[in-house]
There are 2 protein chains.
Amino acid sequence: MYAFRPGCHNRPIFILQLLINVQSADTVEGVWPLPQDFTSSMEQYPLNPHTFHFGYGKQSVAQRGCSVLDSAFKRYFSLVFPDYSSANDVLEFSKDKPFTAEISVDHDHCDDYPNEESSERYNLSVSERKAVLNAETVWGAVRGLETFSQLVYQDDSGSYFVNKTEIVDFPRFQFRGILLDTSRHFLPVQTILKTLDAMAYNKFNVFHWHIVDDPSFPYQSCTFPNLSSKGAFHPMTHIYTQSDVRRVISYARLRGIRVLPEFDSPGHTSSWGKGQSNLLTPCYRSGIPSGTFGPVNPALPSTYQFMARLFQEVSSVFPDSFIHLGGDEVDFSCWRSNPDIRTFMQKMGFGVDFAKLQAFYMESIVNITSALKKTSIVWQDVFDYHKRRSSLSVVEVWRAGCYLCEVRKVAKAGLRVILASPWYLDQPGPTHDWARYYTVWPLAFKGTDKQKKLVIGGEVCMWGEYVDATNLTPRLWPRASAAAERLWSDERRTSNVDQAFPRLQDFRCKLVRRGIQAEPLYIGHCKHEFQGV
Amino acid sequence: MYAFRPGCHNRPIFILQLLINVQSADTVEGVWPLPQDFTSSMEQYPLNPHTFHFGYGKQSVAQRGCSVLDSAFKRYFSLVFPDYSSANDVLEFSKDKPFTAEISVDHDHCDDYPNEESSERYNLSVSERKAVLNAETVWGAVRGLETFSQLVYQDDSGSYFVNKTEIVDFPRFQFRGILLDTSRHFLPVQTILKTLDAMAYNKFNVFHWHIVDDPSFPYQSCTFPNLSSKGAFHPMTHIYTQSDVRRVISYARLRGIRVLPEFDSPGHTSSWGKGQSNLLTPCYRSGIPSGTFGPVNPALPSTYQFMARLFQEVSSVFPDSFIHLGGDEVDFSCWRSNPDIRTFMQKMGFGVDFAKLQAFYMESIVNITSALKKTSIVWQDVFDYHKRRSSLSVVEVWRAGCYLCEVRKVAKAGLRVILASPWYLDQPGPTHDWARYYTVWPLAFKGTDKQKKLVIGGEVCMWGEYVDATNLTPRLWPRASAAAERLWSDERRTSNVDQAFPRLQDFRCKLVRRGIQAEPLYIGHCKHEFQGV
């Protein structure tokens, strides 16, 4: 029978007994990714949320009203004092604040977008009653604020502390990206914004938006509205409107993150065909059209007119100077089956070499984007079959196997390289895989310093076959954090997995505390477990 | 420079264009797990949340005031009409309701707990303006309400419909469990309750609470408070108080779910030793105590006095008639190293056969729980080394390899069997693994009908090495749903993976709509994507 059971009567006394057993104060656990030069002592300074103050240094070129830093001060106040509901007077200047974090920058980029040249270097000095953060740019200042927020910790009574610290920091690689695939599954804007938050905590600085692909075309184009109205999973609930895209771009900007759009062609374009007739190649079976379609049709002038107009829109909507043109995994069988394509190839003198046809197509698209003053990135396939490589600028290496052989080839050809192969995190695996993603050495190939400088960075790819808003975050974090440290920190000081483990465990708990659903590395607990179910 | 970009000006007209392209009404996608006997026609009946009514049938033994059904009516009203904030008058009887769902049960178990004999059988008949649900027990009625809620669907205008349907349904296996491990990681109570919701949607009926283990002892015992105050990850934030446990039990009860506690011994008990001295075996190295401890010490009378008091409390706190005693993976090396243990074994005539010692220990614990009128479950290890098997009653098969060989052995010995081996879902993997969990045939062994009847069911195990509240749900669902159908439905009608796939895809979207973070099976979309980030 269902009957009330008394439970513990000695509860109040019991709680007193417990108090005795509570562990005492945490100590500072460091910063992830590891700063280039980091010295801290056990000298502790208390922080009081009521009197703590973020302020602009007198010599700072940027001052109050700088959108990037004003909003960063607000954001990081809540991150530094999670138990304290963000004070409104956080920006208000006042002499008697006993602890001031003073931020100064050399240049006013407050209304710019971060770009491939943006310096993220910063110096941070924490001493009694004062933290001094100097950076060349607001983007460096944002990185420094992230570092400062990770230095602050709480004891068991909830009091906040920061230790005496000196940091000189800058990224090892200038391109540190995360790819999200919003075509195989639609990701709500909220999910993208949440990922941008986590990226900022990890000092990632490029959001590679693989926005369209075969399964769906969620980008709502002004020029070609049918692409999403016919090609999206749903024309109204599963699309990114212009204002959605603007929201993502400005949210990323405030965090020093570039938004790199990818419109992959000529393959991976099935969904494009639904809203744009005569764009894809009709496939033939035994001499007649089979009703199915292949890659973009490179034989029609209308194709290039369409692409020119689409990329004109894209390059105005996305401010970044890079555009990703894809060019991967093109299946030649449909082109081969189509008589018009074969005629075109004869005319062009390609014979039966479809790689030449693809090279011709990609070169035309590259020229379109160059004319729009954009630097184009292509997947390694384009480099591999392309003879006149001079027209290419940045190549992303993604194939498994000896990826460093490929990196070396691209660098030897004098082109810039982004490395993705070792960081395909969409593949599920036990979290301890993190060590596999951590022990990657992007420059461990035979080459000159000049060639190694061409490796501009790396990227974590989260493809969407099995990933959507339900499982994206635990699959991405903290495994992507391993890549984050590899791409930011000094390799010699971050090559030991055993030394990294406790630091990453602590950082993962920080992510969880900040509401990021980062999965556990192994048995254990966080002081504040994830509650948001 | 950062500048506003106009975006689409033709938006309003555009939206009109879009409306034309919206897909039209969904049709009923069926029920997961598949009912035993299910016939439905395309004859559609509209449902209006304002006039829909759940009510008790006149001939029903249970009537208004039945806690299980009153709360189920409220719950399922919101699940049937997700866009409609639950009406207060949902239970109010009124002749003119145009659609009535009339529930009748033969027995009044309204204040009982579900148990191993509880019938979950129900009949559901949906016709014009009326659904009639008959069941022997309130637990069957709850299963039928779940089925009814899955029959209701919405068209694109948001109107609700249900099709003419006749269902006769009952579970194939009476024990359909999910194991959660709250020792390797602490799971907040909210996470457990959310899992109980998802279990009810999948018609699981046993929550196997692996509540303590080596890493931590979160169960707050009244009799031995030090077990959690010293053995939990944190004595106040990472424990289950008596009221937490009561809350879980009563939440589960209302959903027809039994709560089966496991207090695993003599191995997997490191955390017990922190709060209870002289319980674990001191290990010796080169003749002297090494300072480390092994399994529970089976040589001391105090051990059995402690266990008797602990299980007395446990059996009063947990109303279910089953208790899981564990008994798996006992490492003999520490026992072997300890001179007192070896002396005890000589005295008992065990020689150097430590399996005999373990059997002796387990038999004593089994006797303790039998005296408390509880049926004990043990992991297969106990069966494997135990000579006098007559004292055992239920064996859980968990080891990989030929698990059906083991099932057969246990059944031949006349003991009841629970199968867990093929459903270790804590191992991550691509969601399409679901097919592996679906194509499991628990009775595909040579044996008599009597022996096969001894296979009382199966269990999905979610061990906690790499799992906590951040990743539990997407790792568990919808992969556990594959096991749910295997354990509930007719095997002959649910053996085809290709036929199951679209049904499971649809059910997964239903879970997502209900706020369960169930990961996607493959490329595609749900009408309502998961929003809760």
# chains A, B, ... in the order shown; residues from 1 in each chain; ligands from 1
$ select_by_dssp --residues "stretch 289-506 of chain B" --states "strand (DSSP E)" --output "PyMOL selection string"
chain B and resi 289-296+322-326+375-379+394-397+416-419+455-462
$ closest_atom_pairs --of "chain B" --to "chain A" --cutoff "7 Å" --atoms "only C-alpha atoms" --output "JSON lines"
{"residue": "B:Met1", "atom": "CA", "partner": "A:Asp112", "partner_atom": "CA", "distance": 5.0}
{"residue": "B:Tyr2", "atom": "CA", "partner": "A:Asp112", "partner_atom": "CA", "distance": 5.2}
{"residue": "B:Gly7", "atom": "CA", "partner": "A:Gln242", "partner_atom": "CA", "distance": 5.6}
{"residue": "B:Cys8", "atom": "CA", "partner": "A:Cys222", "partner_atom": "CA", "distance": 5.3}
{"residue": "B:Leu18", "atom": "CA", "partner": "A:Ser229", "partner_atom": "CA", "distance": 5.9}
{"residue": "B:Val22", "atom": "CA", "partner": "A:Pro235", "partner_atom": "CA", "distance": 6.9}
{"residue": "B:Asp111", "atom": "CA", "partner": "A:Tyr2", "partner_atom": "CA", "distance": 5.3}
{"residue": "B:Asp112", "atom": "CA", "partner": "A:Met1", "partner_atom": "CA", "distance": 5.0}
{"residue": "B:Tyr113", "atom": "CA", "partner": "A:Tyr2", "partner_atom": "CA", "distance": 6.7}
{"residue": "B:Arg184", "atom": "CA", "partner": "A:Ile523", "partner_atom": "CA", "distance": 5.1}
{"residue": "B:His185", "atom": "CA", "partner": "A:Gly524", "partner_atom": "CA", "distance": 5.8}
{"residue": "B:Phe186", "atom": "CA", "partner": "A:His525", "partner_atom": "CA", "distance": 6.9}
{"residue": "B:Pro188", "atom": "CA", "partner": "A:Gln531", "partner_atom": "CA", "distance": 6.9}
{"residue": "B:Gln190", "atom": "CA", "partner": "A:Val533", "partner_atom": "CA", "distance": 6.9}
{"residue": "B:Thr191", "atom": "CA", "partner": "A:Val533", "partner_atom": "CA", "distance": 6.2}
{"residue": "B:Cys222", "atom": "CA", "partner": "A:Cys8", "partner_atom": "CA", "distance": 5.4}
{"residue": "B:Ser229", "atom": "CA", "partner": "A:Leu18", "partner_atom": "CA", "distance": 6.0}
{"residue": "B:Phe233", "atom": "CA", "partner": "A:His525", "partner_atom": "CA", "distance": 6.8}
{"residue": "B:Pro235", "atom": "CA", "partner": "A:Leu18", "partner_atom": "CA", "distance": 6.3}
{"residue": "B:Gln242", "atom": "CA", "partner": "A:Gly7", "partner_atom": "CA", "distance": 5.5}
{"residue": "B:Pro428", "atom": "CA", "partner": "A:Gly429", "partner_atom": "CA", "distance": 5.5}
{"residue": "B:Gly429", "atom": "CA", "partner": "A:Pro428", "partner_atom": "CA", "distance": 5.5}
{"residue": "B:Pro430", "atom": "CA", "partner": "A:Pro428", "partner_atom": "CA", "distance": 6.1}
{"residue": "B:Thr431", "atom": "CA", "partner": "A:Tyr466", "partner_atom": "CA", "distance": 6.7}
{"residue": "B:Glu465", "atom": "CA", "partner": "A:Ile523", "partner_atom": "CA", "distance": 4.9}
{"residue": "B:Tyr466", "atom": "CA", "partner": "A:Tyr522", "partner_atom": "CA", "distance": 5.2}
{"residue": "B:Val467", "atom": "CA", "partner": "A:Pro520", "partner_atom": "CA", "distance": 6.5}
{"residue": "B:Asp468", "atom": "CA", "partner": "A:Pro520", "partner_atom": "CA", "distance": 6.8}
{"residue": "B:Ala469", "atom": "CA", "partner": "A:Phe530", "partner_atom": "CA", "distance": 6.0}
{"residue": "B:Thr470", "atom": "CA", "partner": "A:Gln517", "partner_atom": "CA", "distance": 4.9}
{"residue": "B:Asn471", "atom": "CA", "partner": "A:Glu519", "partner_atom": "CA", "distance": 5.7}
{"residue": "B:Pro474", "atom": "CA", "partner": "A:Asn471", "partner_atom": "CA", "distance": 5.8}
{"residue": "B:Gln517", "atom": "CA", "partner": "A:Thr470", "partner_atom": "CA", "distance": 4.9}
{"residue": "B:Ala518", "atom": "CA", "partner": "A:Thr470", "partner_atom": "CA", "distance": 6.1}
{"residue": "B:Glu519", "atom": "CA", "partner": "A:Thr470", "partner_atom": "CA", "distance": 5.4}
{"residue": "B:Pro520", "atom": "CA", "partner": "A:Tyr466", "partner_atom": "CA", "distance": 5.7}
{"residue": "B:Leu521", "atom": "CA", "partner": "A:Tyr466", "partner_atom": "CA", "distance": 6.2}
{"residue": "B:Tyr522", "atom": "CA", "partner": "A:Tyr466", "partner_atom": "CA", "distance": 5.2}
{"residue": "B:Ile523", "atom": "CA", "partner": "A:Glu465", "partner_atom": "CA", "distance": 4.9}
{"residue": "B:Gly524", "atom": "CA", "partner": "A:His185", "partner_atom": "CA", "distance": 5.8}
{"residue": "B:His525", "atom": "CA", "partner": "A:His185", "partner_atom": "CA", "distance": 6.1}
{"residue": "B:Phe530", "atom": "CA", "partner": "A:Ala469", "partner_atom": "CA", "distance": 6.0}
{"residue": "B:Gln531", "atom": "CA", "partner": "A:Pro188", "partner_atom": "CA", "distance": 6.9}
{"residue": "B:Val533", "atom": "CA", "partner": "A:Thr191", "partner_atom": "CA", "distance": 6.3}
$ write_last_selection --atoms "C-alpha atoms" --output "PDB file, in the first residue's frame"
ATOM      1  CA  MET B   1      32.927  48.903 -41.707  1.00  0.00           C
ATOM      2  CA  TYR B   2      29.929  47.871 -39.624  1.00  0.00           C
ATOM      3  CA  GLY B   7      17.798  42.739 -46.509  1.00  0.00           C
ATOM      4  CA  CYS B   8      14.486  41.785 -48.149  1.00  0.00           C
ATOM      5  CA  LEU B  18       5.526  30.855 -49.322  1.00  0.00           C
ATOM      6  CA  VAL B  22       3.525  24.680 -47.293  1.00  0.00           C
ATOM      7  CA  ASP B 111      -2.931   4.058  -4.155  1.00  0.00           C
ATOM      8  CA  ASP B 112      -0.754   1.028  -4.829  1.00  0.00           C
ATOM      9  CA  TYR B 113       2.640   0.742  -6.414  1.00  0.00           C
ATOM     10  CA  ARG B 184      30.088   7.596 -11.315  1.00  0.00           C
ATOM     11  CA  HIS B 185      28.343  10.896 -11.944  1.00  0.00           C
ATOM     12  CA  PHE B 186      25.665  12.482  -9.814  1.00  0.00           C
ATOM     13  CA  PRO B 188      20.202  15.847 -10.384  1.00  0.00           C
ATOM     14  CA  GLN B 190      15.264  16.754 -12.293  1.00  0.00           C
ATOM     15  CA  THR B 191      17.271  14.650 -14.742  1.00  0.00           C
ATOM     16  CA  CYS B 222      18.957   7.634   7.973  1.00  0.00           C
ATOM     17  CA  SER B 229      28.327  12.689   4.267  1.00  0.00           C
ATOM     18  CA  PHE B 233      31.074  13.661  -4.094  1.00  0.00           C
ATOM     19  CA  PRO B 235      27.801  15.854   1.376  1.00  0.00           C
ATOM     20  CA  GLN B 242      14.987  10.833   1.819  1.00  0.00           C
ATOM     21  CA  PRO B 428      28.465   6.085 -27.619  1.00  0.00           C
ATOM     22  CA  GLY B 429      27.859   5.373 -31.266  1.00  0.00           C
ATOM     23  CA  PRO B 430      26.120   6.779 -34.312  1.00  0.00           C
ATOM     24  CA  THR B 431      22.391   6.870 -33.741  1.00  0.00           C
ATOM     25  CA  GLU B 465      31.774   6.655 -16.671  1.00  0.00           C
ATOM     26  CA  TYR B 466      31.185   9.147 -19.482  1.00  0.00           C
ATOM     27  CA  VAL B 467      27.578  10.151 -18.821  1.00  0.00           C
ATOM     28  CA  ASP B 468      25.963  12.806 -16.681  1.00  0.00           C
ATOM     29  CA  ALA B 469      23.098  15.273 -17.003  1.00  0.00           C
ATOM     30  CA  THR B 470      24.815  16.986 -19.945  1.00  0.00           C
ATOM     31  CA  ASN B 471      24.674  14.025 -22.335  1.00  0.00           C
ATOM     32  CA  PRO B 474      20.633  12.241 -26.338  1.00  0.00           C
ATOM     33  CA  GLN B 517      16.426  15.798 -26.131  1.00  0.00           C
ATOM     34  CA  ALA B 518      16.308  12.667 -28.330  1.00  0.00           C
ATOM     35  CA  GLU B 519      19.005  12.742 -31.004  1.00  0.00           C
ATOM     36  CA  PRO B 520      18.252  12.393 -34.711  1.00  0.00           C
ATOM     37  CA  LEU B 521      18.390   9.026 -36.491  1.00  0.00           C
ATOM     38  CA  TYR B 522      19.618  10.479 -39.778  1.00  0.00           C
ATOM     39  CA  ILE B 523      19.413  13.499 -42.119  1.00  0.00           C
ATOM     40  CA  GLY B 524      16.012  15.186 -41.978  1.00  0.00           C
ATOM     41  CA  HIS B 525      13.875  17.402 -39.807  1.00  0.00           C
ATOM     42  CA  PHE B 530      14.289  21.001 -30.179  1.00  0.00           C
ATOM     43  CA  GLN B 531      14.421  24.599 -28.966  1.00  0.00           C
ATOM     44  CA  VAL B 533      19.116  25.401 -25.413  1.00  0.00           C
TER      45      VAL B 533
END
$ residues_around --residues "A:Thr147" --least-positions-apart "4" --cutoff "9 Å" --atoms "only C-alpha atoms" --output "list of chain:residue names"
A:Val31, A:Trp32, A:Pro33, A:Pro35, A:Leu124, A:Val142, A:Arg143, A:Leu151, A:Tyr201
$ residues_around --residues "stretch 382-393 of chain A" --least-positions-apart "6" --cutoff "12 Å" --atoms "only C-alpha atoms" --output "NGL selection string"
:A and (264-267 or 322-330 or 353-370 or 374-376 or 399 or 406-407 or 409-418 or 454-456)
$ write_last_selection --atoms "N, CA and C atoms" --output "tab-separated table (two decimals), in the first residue's frame"
chain	number	residue	atom	x	y	z
A	264	ASP	N	28.54	25.62	-51.12
A	264	ASP	CA	29.30	24.54	-51.72
A	264	ASP	C	28.71	24.21	-53.10
A	265	SER	N	29.57	24.21	-54.13
A	265	SER	CA	29.17	23.77	-55.46
A	265	SER	C	30.43	23.28	-56.19
A	266	PRO	N	30.36	22.54	-57.32
A	266	PRO	CA	29.13	22.20	-58.05
A	266	PRO	C	28.38	21.00	-57.47
A	267	GLY	N	29.06	20.18	-56.60
A	267	GLY	CA	28.36	19.06	-55.96
A	267	GLY	C	27.63	19.56	-54.73
A	322	PHE	N	36.51	36.46	-46.47
A	322	PHE	CA	36.63	35.08	-46.99
A	322	PHE	C	35.24	34.56	-47.36
A	323	ILE	N	35.19	33.79	-48.43
A	323	ILE	CA	33.99	33.01	-48.76
A	323	ILE	C	34.45	31.59	-49.06
A	324	HIS	N	33.72	30.59	-48.54
A	324	HIS	CA	34.07	29.20	-48.79
A	324	HIS	C	33.25	28.70	-49.98
A	325	LEU	N	33.94	28.20	-51.01
A	325	LEU	CA	33.26	27.80	-52.25
A	325	LEU	C	33.06	26.29	-52.35
A	326	GLY	N	33.52	25.55	-51.33
A	326	GLY	CA	33.32	24.10	-51.36
A	326	GLY	C	34.14	23.41	-52.43
A	327	GLY	N	33.45	22.77	-53.38
A	327	GLY	CA	34.15	22.09	-54.47
A	327	GLY	C	34.53	20.66	-54.18
A	328	ASP	N	33.97	20.10	-53.09
A	328	ASP	CA	34.35	18.73	-52.70
A	328	ASP	C	33.42	17.69	-53.31
A	329	GLU	N	33.93	16.44	-53.38
A	329	GLU	CA	33.14	15.25	-53.68
A	329	GLU	C	32.20	15.41	-54.87
A	330	VAL	N	32.73	15.81	-56.01
A	330	VAL	CA	31.90	15.92	-57.20
A	330	VAL	C	31.86	14.57	-57.92
A	353	ASP	N	38.28	14.36	-69.81
A	353	ASP	CA	38.85	14.60	-68.48
A	353	ASP	C	37.92	15.52	-67.68
A	354	PHE	N	37.05	14.90	-66.88
A	354	PHE	CA	36.03	15.68	-66.16
A	354	PHE	C	36.64	16.54	-65.05
A	355	ALA	N	37.83	16.17	-64.63
A	355	ALA	CA	38.53	17.02	-63.65
A	355	ALA	C	38.77	18.39	-64.28
A	356	LYS	N	39.10	18.39	-65.57
A	356	LYS	CA	39.30	19.67	-66.26
A	356	LYS	C	38.02	20.50	-66.25
A	357	LEU	N	36.90	19.79	-66.46
A	357	LEU	CA	35.60	20.49	-66.47
A	357	LEU	C	35.34	21.11	-65.10
A	358	GLN	N	35.61	20.31	-64.07
A	358	GLN	CA	35.38	20.81	-62.72
A	358	GLN	C	36.32	21.98	-62.41
A	359	ALA	N	37.58	21.85	-62.86
A	359	ALA	CA	38.54	22.93	-62.65
A	359	ALA	C	38.05	24.21	-63.35
A	360	PHE	N	37.54	24.02	-64.56
A	360	PHE	CA	37.02	25.17	-65.32
A	360	PHE	C	35.88	25.84	-64.55
A	361	TYR	N	34.97	25.00	-64.02
A	361	TYR	CA	33.84	25.55	-63.26
A	361	TYR	C	34.33	26.30	-62.03
A	362	MET	N	35.17	25.64	-61.23
A	362	MET	CA	35.64	26.27	-59.98
A	362	MET	C	36.37	27.57	-60.26
A	363	GLU	N	37.18	27.57	-61.34
A	363	GLU	CA	37.93	28.78	-61.64
A	363	GLU	C	36.98	29.93	-61.96
A	364	SER	N	35.90	29.60	-62.67
A	364	SER	CA	34.92	30.65	-62.98
A	364	SER	C	34.30	31.21	-61.69
A	365	ILE	N	33.98	30.32	-60.75
A	365	ILE	CA	33.37	30.77	-59.50
A	365	ILE	C	34.38	31.57	-58.68
A	366	VAL	N	35.63	31.09	-58.67
A	366	VAL	CA	36.68	31.83	-57.96
A	366	VAL	C	36.81	33.23	-58.54
A	367	ASN	N	36.77	33.32	-59.87
A	367	ASN	CA	36.88	34.64	-60.50
A	367	ASN	C	35.71	35.54	-60.12
A	368	ILE	N	34.52	34.96	-60.06
A	368	ILE	CA	33.34	35.74	-59.65
A	368	ILE	C	33.56	36.34	-58.27
A	369	THR	N	34.06	35.50	-57.34
A	369	THR	CA	34.23	36.01	-55.97
A	369	THR	C	35.41	36.96	-55.87
A	370	SER	N	36.47	36.71	-56.66
A	370	SER	CA	37.60	37.66	-56.66
A	370	SER	C	37.12	39.03	-57.12
A	374	LYS	N	36.62	39.17	-52.64
A	374	LYS	CA	36.60	38.17	-51.59
A	374	LYS	C	37.70	37.15	-51.82
A	375	THR	N	38.30	36.69	-50.74
A	375	THR	CA	39.25	35.59	-50.80
A	375	THR	C	38.48	34.28	-50.71
A	376	SER	N	38.74	33.37	-51.63
A	376	SER	CA	37.96	32.14	-51.63
A	376	SER	C	38.73	30.99	-50.97
A	399	ARG	N	40.53	15.38	-45.91
A	399	ARG	CA	40.52	13.93	-46.06
A	399	ARG	C	41.38	13.25	-44.99
A	406	GLU	N	49.29	16.10	-47.42
A	406	GLU	CA	48.48	17.04	-48.21
A	406	GLU	C	48.79	18.49	-47.81
A	407	VAL	N	48.87	18.71	-46.48
A	407	VAL	CA	49.21	20.05	-46.00
A	407	VAL	C	50.53	20.50	-46.63
A	409	LYS	N	51.94	19.46	-49.41
A	409	LYS	CA	51.79	19.69	-50.85
A	409	LYS	C	51.22	21.09	-51.10
A	410	VAL	N	50.18	21.42	-50.36
A	410	VAL	CA	49.52	22.71	-50.56
A	410	VAL	C	50.47	23.85	-50.22
A	411	ALA	N	51.18	23.69	-49.10
A	411	ALA	CA	52.12	24.74	-48.67
A	411	ALA	C	53.25	24.90	-49.70
A	412	LYS	N	53.73	23.75	-50.20
A	412	LYS	CA	54.79	23.82	-51.21
A	412	LYS	C	54.32	24.55	-52.46
A	413	ALA	N	53.02	24.44	-52.74
A	413	ALA	CA	52.46	25.14	-53.90
A	413	ALA	C	52.27	26.63	-53.60
A	414	GLY	N	52.61	27.03	-52.38
A	414	GLY	CA	52.54	28.45	-52.04
A	414	GLY	C	51.14	28.93	-51.67
A	415	LEU	N	50.25	27.99	-51.37
A	415	LEU	CA	48.88	28.37	-50.99
A	415	LEU	C	48.70	28.26	-49.48
A	416	ARG	N	47.77	29.02	-48.96
A	416	ARG	CA	47.48	28.94	-47.53
A	416	ARG	C	46.66	27.69	-47.22
A	417	VAL	N	46.84	27.14	-46.03
A	417	VAL	CA	46.20	25.87	-45.65
A	417	VAL	C	45.41	26.02	-44.36
A	418	ILE	N	44.23	25.40	-44.34
A	418	ILE	CA	43.47	25.21	-43.10
A	418	ILE	C	43.32	23.70	-42.91
A	454	LEU	N	52.34	29.30	-44.00
A	454	LEU	CA	51.15	29.24	-44.86
A	454	LEU	C	50.02	28.43	-44.21
A	455	VAL	N	50.36	27.65	-43.17
A	455	VAL	CA	49.30	26.94	-42.42
A	455	VAL	C	48.66	27.97	-41.49
A	456	ILE	N	47.54	28.53	-41.91
A	456	ILE	CA	46.97	29.65	-41.15
A	456	ILE	C	46.12	29.17	-39.97
$ atom_distance --atom1 "atom CA of B:Glu43" --atom2 "atom CA of B:Val168"
19.0 Å
$ residues_around --residues "B:Gly291" --least-positions-apart "4" --cutoff "9 Å" --atoms "only C-alpha atoms" --output "count of residues only"
3
$ residues_around --residues "A:Thr269" --least-positions-apart "2" --cutoff "6 Å" --atoms "only C-alpha atoms" --output "list in words"
Asp213, Asp214, Gly267, Ser271 and Trp272 of chain A
